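File shown: start.cif (mmCIF, C-alpha atoms and all ligand atoms).
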```
data_structure
#
loop_
_atom_site.label_atom_id
_atom_site.label_comp_id
_atom_site.auth_asym_id
_atom_site.auth_seq_id
_atom_site.Cartn_x
_atom_site.Cartn_y
_atom_site.Cartn_z
CA ALA A 65 150.62 124.24 53.67
CA ALA A 66 152.11 127.70 54.06
CA ASP A 67 153.92 129.95 51.62
CA ILE A 68 157.46 131.02 52.50
CA ARG A 69 158.99 134.37 51.74
CA LEU A 70 162.55 135.52 52.32
CA ALA A 71 163.03 139.28 52.18
CA GLY A 72 166.61 140.51 52.20
CA VAL A 73 167.77 137.55 54.28
CA THR A 74 171.51 137.54 54.93
CA LYS A 75 173.83 135.31 56.90
CA ALA A 76 177.37 135.84 58.11
CA TYR A 77 178.84 133.47 60.67
CA ASP A 78 181.63 135.95 61.30
CA ALA A 79 182.52 139.52 60.30
CA GLN A 80 184.85 138.44 57.47
CA THR A 81 182.65 136.13 55.43
CA THR A 82 179.11 136.53 54.16
CA VAL A 83 177.62 133.10 53.46
CA ILE A 84 174.28 134.43 52.17
CA PRO A 85 174.17 137.89 50.61
CA PRO A 86 170.72 139.52 50.69
CA MET A 87 168.30 136.92 49.35
CA ASP A 88 164.75 137.50 48.15
CA VAL A 89 162.62 134.53 47.20
CA GLU A 90 159.04 133.31 47.38
CA LEU A 91 157.98 129.66 47.64
CA ARG A 92 154.33 128.95 46.99
CA ALA A 93 152.22 126.98 49.44
CA GLY A 94 152.37 123.26 48.69
CA GLU A 95 155.25 123.62 46.27
CA PHE A 96 158.25 121.27 46.31
CA THR A 97 161.47 123.26 45.96
CA VAL A 98 164.82 121.56 45.56
CA VAL A 99 167.83 123.65 46.52
CA LEU A 100 170.75 122.47 44.44
CA GLY A 101 174.37 123.53 44.64
CA PRO A 102 177.90 122.43 45.46
CA SER A 103 179.11 121.70 48.96
CA GLY A 104 179.61 124.87 50.96
CA CYS A 105 177.31 127.10 48.90
CA GLY A 106 174.96 127.73 51.81
CA LYS A 107 172.19 125.16 51.33
CA SER A 108 172.13 123.94 54.94
CA THR A 109 172.46 127.46 56.26
CA LEU A 110 169.38 128.47 54.29
CA LEU A 111 167.34 125.55 55.65
CA GLN A 112 168.50 126.10 59.19
CA MET A 113 167.54 129.76 59.10
CA ILE A 114 164.05 128.82 57.94
CA ALA A 115 163.80 126.16 60.64
CA GLY A 116 165.14 128.55 63.28
CA LEU A 117 168.23 126.47 64.05
CA GLU A 118 170.42 129.38 62.86
CA ARG A 119 169.63 133.06 63.31
CA VAL A 120 169.44 135.34 60.29
CA SER A 121 172.02 138.12 60.26
CA GLY A 122 169.54 140.40 58.53
CA GLY A 123 166.21 140.44 56.73
CA ARG A 124 162.88 138.76 57.32
CA ILE A 125 161.47 135.25 56.90
CA LEU A 126 157.71 134.96 56.51
CA ILE A 127 155.88 131.66 56.78
CA GLY A 128 152.20 131.85 55.94
CA GLY A 129 152.54 135.62 56.01
CA ARG A 130 153.88 135.70 59.56
CA GLU A 131 157.37 136.91 60.42
CA VAL A 132 159.22 134.06 62.08
CA GLN A 133 162.88 135.12 62.17
CA ASP A 134 162.63 135.83 65.90
CA LEU A 135 160.46 132.83 66.79
CA GLU A 136 161.76 129.66 68.37
CA PRO A 137 161.91 126.63 66.05
CA LYS A 138 158.90 124.97 67.62
CA HIS A 139 156.66 127.93 66.84
CA ARG A 140 157.45 128.08 63.13
CA GLY A 141 155.37 125.15 61.89
CA CYS A 142 158.39 123.53 60.24
CA ALA A 143 159.63 119.96 60.57
CA MET A 144 163.06 118.86 59.42
CA VAL A 145 164.58 115.61 58.17
CA PHE A 146 168.36 115.33 58.52
CA GLN A 147 170.94 113.39 56.53
CA ASN A 148 172.06 111.46 59.61
CA TYR A 149 168.43 110.79 60.70
CA ALA A 150 168.97 112.32 64.19
CA LEU A 151 166.60 109.82 65.81
CA TYR A 152 166.42 109.45 69.59
CA PRO A 153 168.56 106.30 70.00
CA HIS A 154 167.11 105.18 73.32
CA MET A 155 163.51 105.40 72.10
CA THR A 156 161.61 102.84 70.03
CA VAL A 157 160.28 103.66 66.56
CA PHE A 158 156.86 104.21 68.13
CA GLU A 159 158.26 106.56 70.74
CA ASN A 160 160.37 108.48 68.22
CA MET A 161 157.28 109.18 66.16
CA ALA A 162 154.95 109.78 69.11
CA TYR A 163 157.28 112.08 71.02
CA SER A 164 156.30 115.41 69.47
CA LEU A 165 152.62 114.52 69.86
CA LYS A 166 153.24 113.79 73.52
CA VAL A 167 154.99 117.13 73.99
CA ALA A 168 152.02 118.79 72.29
CA GLY A 169 149.72 117.21 74.86
CA ILE A 170 147.89 114.90 72.49
CA ARG A 171 146.33 112.07 74.44
CA LYS A 172 147.61 108.54 74.33
CA ALA A 173 144.89 106.90 72.23
CA GLU A 174 145.20 109.52 69.52
CA ARG A 175 149.00 109.31 69.58
CA ALA A 176 148.79 105.57 68.98
CA GLU A 177 146.30 106.03 66.16
CA ARG A 178 148.38 108.64 64.39
CA VAL A 179 151.61 106.69 64.74
CA ALA A 180 149.87 103.58 63.40
CA ALA A 181 148.58 105.48 60.36
CA ILE A 182 151.93 107.04 59.52
CA ALA A 183 153.75 103.74 60.13
CA ARG A 184 151.39 102.01 57.71
CA MET A 185 152.05 104.66 55.09
CA LEU A 186 155.82 104.25 55.48
CA GLY A 187 155.93 100.45 55.80
CA LEU A 188 157.06 100.59 59.41
CA SER A 189 154.17 98.79 61.11
CA ASP A 190 156.27 95.74 61.95
CA TYR A 191 159.10 97.76 63.46
CA LEU A 192 157.37 99.92 66.05
CA HIS A 193 159.04 98.20 68.99
CA ARG A 194 162.56 98.35 67.60
CA LYS A 195 165.14 100.93 68.44
CA PRO A 196 166.95 102.87 65.68
CA GLY A 197 170.08 100.74 66.18
CA GLN A 198 168.09 97.69 65.07
CA LEU A 199 166.98 99.21 61.76
CA SER A 200 168.49 99.55 58.28
CA GLY A 201 169.44 102.97 56.93
CA GLY A 202 166.32 103.16 54.79
CA GLN A 203 164.10 102.22 57.73
CA ARG A 204 165.76 104.84 59.91
CA GLN A 205 165.17 107.49 57.30
CA ARG A 206 161.52 106.43 57.07
CA VAL A 207 161.21 106.86 60.84
CA ALA A 208 162.78 110.32 60.57
CA ILE A 209 160.28 111.20 57.85
CA GLY A 210 157.42 109.79 59.93
CA ARG A 211 158.52 111.80 62.92
CA ALA A 212 158.64 114.94 60.78
CA ILE A 213 155.20 114.59 59.20
CA ILE A 214 153.27 113.30 62.21
CA ARG A 215 152.20 116.75 63.40
CA GLU A 216 151.18 117.71 59.87
CA PRO A 217 153.59 120.63 59.55
CA GLY A 218 152.92 123.32 56.97
CA VAL A 219 156.59 123.22 55.99
CA LEU A 220 158.86 120.22 55.54
CA LEU A 221 162.62 120.73 55.33
CA PHE A 222 164.89 117.99 54.02
CA ASP A 223 168.65 118.31 54.43
CA GLU A 224 170.19 115.78 52.02
CA PRO A 225 168.04 113.01 53.53
CA LEU A 226 168.96 110.35 50.96
CA SER A 227 172.69 110.92 50.76
CA ASN A 228 173.63 108.13 53.16
CA LEU A 229 171.58 105.48 51.35
CA ASP A 230 172.76 103.15 48.60
CA ALA A 231 171.76 103.83 44.99
CA GLN A 232 168.79 101.45 44.81
CA LEU A 233 167.33 102.67 48.09
CA ARG A 234 167.91 106.27 47.09
CA HIS A 235 165.88 105.65 43.96
CA ASP A 236 163.06 103.92 45.86
CA MET A 237 162.92 106.60 48.54
CA ARG A 238 162.81 109.31 45.89
CA VAL A 239 159.73 107.74 44.42
CA GLU A 240 158.19 107.38 47.89
CA LEU A 241 158.96 110.97 48.81
CA ALA A 242 157.36 112.31 45.64
CA GLU A 243 154.24 110.26 46.41
CA LEU A 244 154.27 111.35 50.05
CA HIS A 245 154.52 114.99 49.06
CA ARG A 246 151.48 114.65 46.82
CA ARG A 247 149.54 113.06 49.66
CA ILE A 248 150.37 115.47 52.46
CA GLY A 249 150.83 118.66 50.45
CA ALA A 250 153.22 120.50 52.78
CA THR A 251 155.45 123.19 51.35
CA SER A 252 158.70 121.27 50.99
CA ILE A 253 162.30 122.38 50.64
CA PHE A 254 164.76 119.65 49.81
CA VAL A 255 168.48 120.34 49.85
CA THR A 256 170.81 118.21 47.75
CA HIS A 257 173.81 118.24 45.43
CA ASP A 258 172.25 115.42 43.37
CA GLN A 259 170.85 116.62 40.05
CA VAL A 260 168.72 113.50 39.56
CA GLU A 261 166.97 114.10 42.87
CA ALA A 262 166.37 117.69 41.86
CA MET A 263 164.88 116.75 38.50
CA THR A 264 162.60 114.03 39.87
CA LEU A 265 161.33 115.77 42.96
CA ALA A 266 161.18 119.47 42.23
CA ASP A 267 158.31 121.64 41.14
CA ARG A 268 161.02 124.28 40.99
CA ILE A 269 164.77 124.04 41.37
CA LEU A 270 166.68 126.79 43.13
CA ILE A 271 170.32 126.74 42.07
CA LEU A 272 172.56 128.26 44.68
CA ASN A 273 176.14 129.36 44.09
CA LYS A 274 178.14 130.98 46.88
CA GLY A 275 174.91 131.91 48.61
CA ARG A 276 173.40 133.56 45.55
CA ILE A 277 170.39 132.35 43.60
CA GLU A 278 171.63 131.59 40.09
CA GLN A 279 168.41 130.12 38.78
CA PHE A 280 164.96 129.42 40.15
CA ASP A 281 162.71 127.64 37.71
CA THR A 282 161.04 124.35 36.78
CA PRO A 283 163.28 121.36 35.97
CA LYS A 284 162.02 121.55 32.41
CA ALA A 285 162.99 125.18 32.00
CA ILE A 286 166.42 124.59 33.53
CA TYR A 287 167.43 121.37 31.78
CA HIS A 288 165.50 121.23 28.52
CA HIS A 289 165.87 124.67 27.04
CA PRO A 290 167.07 124.59 23.40
P1 LIG B 1 176.13 123.51 52.12
O1 LIG B 1 174.95 123.03 52.92
O2 LIG B 1 175.74 124.05 50.79
O3 LIG B 1 177.23 122.52 52.04
P2 LIG B 1 176.59 125.25 54.40
O4 LIG B 1 175.38 126.08 54.55
O5 LIG B 1 176.77 124.10 55.31
O6 LIG B 1 176.73 124.80 52.87
O7 LIG B 1 177.86 126.18 54.56
C1 LIG B 1 178.00 127.41 53.85
C2 LIG B 1 179.27 128.11 54.32
O8 LIG B 1 179.11 128.50 55.68
C3 LIG B 1 180.51 127.24 54.28
O9 LIG B 1 181.58 128.04 53.87
C4 LIG B 1 180.67 126.79 55.69
O10 LIG B 1 182.01 126.55 55.99
C5 LIG B 1 180.11 127.96 56.48
N1 LIG B 1 179.52 127.54 57.77
C6 LIG B 1 178.49 126.68 57.92
N2 LIG B 1 178.16 126.55 59.21
C7 LIG B 1 179.01 127.35 59.90
C8 LIG B 1 179.19 127.63 61.28
N3 LIG B 1 178.41 127.09 62.22
N4 LIG B 1 180.18 128.50 61.61
C9 LIG B 1 180.95 129.08 60.67
N5 LIG B 1 180.83 128.84 59.36
C10 LIG B 1 179.88 127.99 58.97
P1 LIG B 2 153.64 106.92 77.76
O1 LIG B 2 155.14 106.96 77.70
O2 LIG B 2 153.01 108.18 78.24
O3 LIG B 2 153.08 105.71 78.42
P2 LIG B 2 153.74 106.40 74.86
O4 LIG B 2 152.79 106.85 73.81
O5 LIG B 2 155.15 106.85 74.73
O6 LIG B 2 153.09 106.84 76.24
O7 LIG B 2 153.68 104.80 74.87
C1 LIG B 2 154.16 104.04 75.95
C2 LIG B 2 154.72 102.72 75.45
O8 LIG B 2 153.76 101.93 74.79
C3 LIG B 2 155.87 102.95 74.50
O9 LIG B 2 156.95 102.12 74.91
C4 LIG B 2 155.34 102.53 73.16
O10 LIG B 2 156.38 101.89 72.43
C5 LIG B 2 154.25 101.55 73.50
N1 LIG B 2 153.09 101.64 72.59
C6 LIG B 2 151.94 102.26 72.81
N2 LIG B 2 151.07 102.09 71.79
C7 LIG B 2 151.72 101.35 70.89
C8 LIG B 2 151.37 100.83 69.60
N3 LIG B 2 150.18 101.07 69.01
N4 LIG B 2 152.30 100.11 68.93
C9 LIG B 2 153.50 99.90 69.48
N5 LIG B 2 153.88 100.32 70.70
C10 LIG B 2 153.00 101.05 71.39
#
```
Would you kindly transcribe this structure into structure tokens?
Amino acid sequence: AADIRLAGVTKAYDAQTTVIPPMDVELRAGEFTVVLGPSGCGKSTLLQMIAGLERVSGGRILIGGREVQDLEPKHRGCAMVFQNYALYPHMTVFENMAYSLKVAGIRKAERAERVAAIARMLGLSDYLHRKPGQLSGGQRQRVAIGRAIIREPGVLLFDEPLSNLDAQLRHDMRVELAELHRRIGATSIFVTHDQVEAMTLADRILILNKGRIEQFDTPKAIYHHP
């Protein structure tokens, strides 16, 4: 796992509106941070700048001490899980999970081994030959998670990954994600507007309001102060 530091990071999509005013924050290696805030407050923008899917307008992002704001996404050591899964629809579950390993030049036998191990962990072993269209929402999200963790990234970014699931499944997946985080130990940032998710998953909650950090503390400190 890698620590993440934002130093004076700003974002403006156009000259009139600043979405993120200068932001300074440090996330410890292996820590699970939940970014909580209303729609439009800049949560996705923040994640996408860390992932390299959006450029910063100013400031520096350091991952494991290395400046990454000018690096391509694939060189940042981050993997992302999206709300709408973003799976490759024409590929099987196996291929979706194996793809990044293939691109990285990992040989076939090892790809199969690693996919099998992750699939076992996520309860997907019986679905490896299916395509995303033949899976339930929860199964699709498990595949997206599997695809994200298969290269053992130092940083895992979750953009409202449970928001499209029904209440029961959301609860179950929350429990699974917490367990998964303990097992793999990546530095995780999880974006949501769901307070229950924040309280169950977070080591620390970062409350964002109009791009500004309002609070950044443990769930206990935020919700149980006298
Ligand atoms: P959240 O994830 O908290 O809902 P976003 O980061 O998606 O918030 O959006 C923050 C603000 O930036 C919103 O006002 C949104 O309209 C604006 N925004 C997001 N993406 C773009 C974009 N590609 N171009 C212009 N404005 C954008
Ligand atoms: P390549 O495309 O280079 O042959 P892949 O790793 O993508 O290599 O695998 C090729 C095919 O074999 C894919 O369609 C994949 O679904 C299937 N496959 C390989 N190993 C397994 C496995 N252990 N379980 C399920 N399917 C597998």
Subject >> Distance in Å - atom CA of Ala115 of chain A versus atom CA of His193 of chain A >> reply: 29.6 Å
Original post:
Which value, in Å to one decimal, gives the distance between atom CA of Leu221 of chain A and atom CA of Gly94 of chain A?
Top reply: 12.5 Å
**OP:** For ligand LIG 1 (chain B), collect every residue having any atom at a distance of at most 10 Å from a ligand atom (counting all atoms listed in the file); output as a ChimeraX atom specification.
**Re:** /A:75-78,81-84,99-113,118,223-224,255-257,272-275
Take the residues just selected and output them with C-alpha atoms as a PDB file, keeping the file's coordinate frame.
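This went into part.pdb:
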```pdb
ATOM      1  CA  LYS A  75     173.830 135.310  56.900  1.00  0.00           C
ATOM      2  CA  ALA A  76     177.370 135.840  58.110  1.00  0.00           C
ATOM      3  CA  TYR A  77     178.840 133.470  60.670  1.00  0.00           C
ATOM      4  CA  ASP A  78     181.630 135.950  61.300  1.00  0.00           C
ATOM      5  CA  THR A  81     182.650 136.130  55.430  1.00  0.00           C
ATOM      6  CA  THR A  82     179.110 136.530  54.160  1.00  0.00           C
ATOM      7  CA  VAL A  83     177.620 133.100  53.460  1.00  0.00           C
ATOM      8  CA  ILE A  84     174.280 134.430  52.170  1.00  0.00           C
ATOM      9  CA  VAL A  99     167.830 123.650  46.520  1.00  0.00           C
ATOM     10  CA  LEU A 100     170.750 122.470  44.440  1.00  0.00           C
ATOM     11  CA  GLY A 101     174.370 123.530  44.640  1.00  0.00           C
ATOM     12  CA  PRO A 102     177.900 122.430  45.460  1.00  0.00           C
ATOM     13  CA  SER A 103     179.110 121.700  48.960  1.00  0.00           C
ATOM     14  CA  GLY A 104     179.610 124.870  50.960  1.00  0.00           C
ATOM     15  CA  CYS A 105     177.310 127.100  48.900  1.00  0.00           C
ATOM     16  CA  GLY A 106     174.960 127.730  51.810  1.00  0.00           C
ATOM     17  CA  LYS A 107     172.190 125.160  51.330  1.00  0.00           C
ATOM     18  CA  SER A 108     172.130 123.940  54.940  1.00  0.00           C
ATOM     19  CA  THR A 109     172.460 127.460  56.260  1.00  0.00           C
ATOM     20  CA  LEU A 110     169.380 128.470  54.290  1.00  0.00           C
ATOM     21  CA  LEU A 111     167.340 125.550  55.650  1.00  0.00           C
ATOM     22  CA  GLN A 112     168.500 126.100  59.190  1.00  0.00           C
ATOM     23  CA  MET A 113     167.540 129.760  59.100  1.00  0.00           C
ATOM     24  CA  GLU A 118     170.420 129.380  62.860  1.00  0.00           C
ATOM     25  CA  ASP A 223     168.650 118.310  54.430  1.00  0.00           C
ATOM     26  CA  GLU A 224     170.190 115.780  52.020  1.00  0.00           C
ATOM     27  CA  VAL A 255     168.480 120.340  49.850  1.00  0.00           C
ATOM     28  CA  THR A 256     170.810 118.210  47.750  1.00  0.00           C
ATOM     29  CA  HIS A 257     173.810 118.240  45.430  1.00  0.00           C
ATOM     30  CA  LEU A 272     172.560 128.260  44.680  1.00  0.00           C
ATOM     31  CA  ASN A 273     176.140 129.360  44.090  1.00  0.00           C
ATOM     32  CA  LYS A 274     178.140 130.980  46.880  1.00  0.00           C
ATOM     33  CA  GLY A 275     174.910 131.910  48.610  1.00  0.00           C
TER      34      GLY A 275
END
```
Padded axis-aligned box of ligand LIG 2 (chain B) (8 Å per side), centre and edge lengths, Å, one decimal, as AutoDock Vina command-line options:
```
--center_x 153.6 --center_y 104.0 --center_z 73.7 --size_x 22.8 --size_y 24.3 --size_z 25.5
```
Subject >> Selection within 7 Å of ligand LIG 2 (chain B) by all atoms listed in the file, output as a VMD selection string >> reply: chain A and resid 156 158 to 159 162 to 163 166 172 175 to 177 180 192 to 193
Subject >> Counting all atoms listed in the file, the option among A:Leu117, A:Val73, A:Val207, A:Ile253 closest to Met155 of chain A >> reply: A:Val207
Original post:
Counting all atoms listed in the file, which of A:Tyr149, A:Phe254, A:Tyr287, A:Phe96 gets nearest to Asp267 of chain A?
Top reply: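 Of A:Tyr149, A:Phe254, A:Tyr287, A:Phe96, the one nearest Asp267 of chain A, counting all atoms listed in the file, is A:Phe96.
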**OP:** Record the distance separating atom CA of Ile125 of chain A and atom CA of Met263 of chain A, expressed in Å with one decimal.
**Re:** 26.3 Å
**OP:** Would you kindly return, as number ranges by chain, each protein, DNA or RNA residue with an atom no farther than 7 Å from any atom of segment 135-145 of chain A, considering only C-alpha atoms and excluding same-chain residues fewer than 2 positions away?
**Re:** A: 115-117, 132-133, 147, 149, 208-209, 212, 217-223, 225
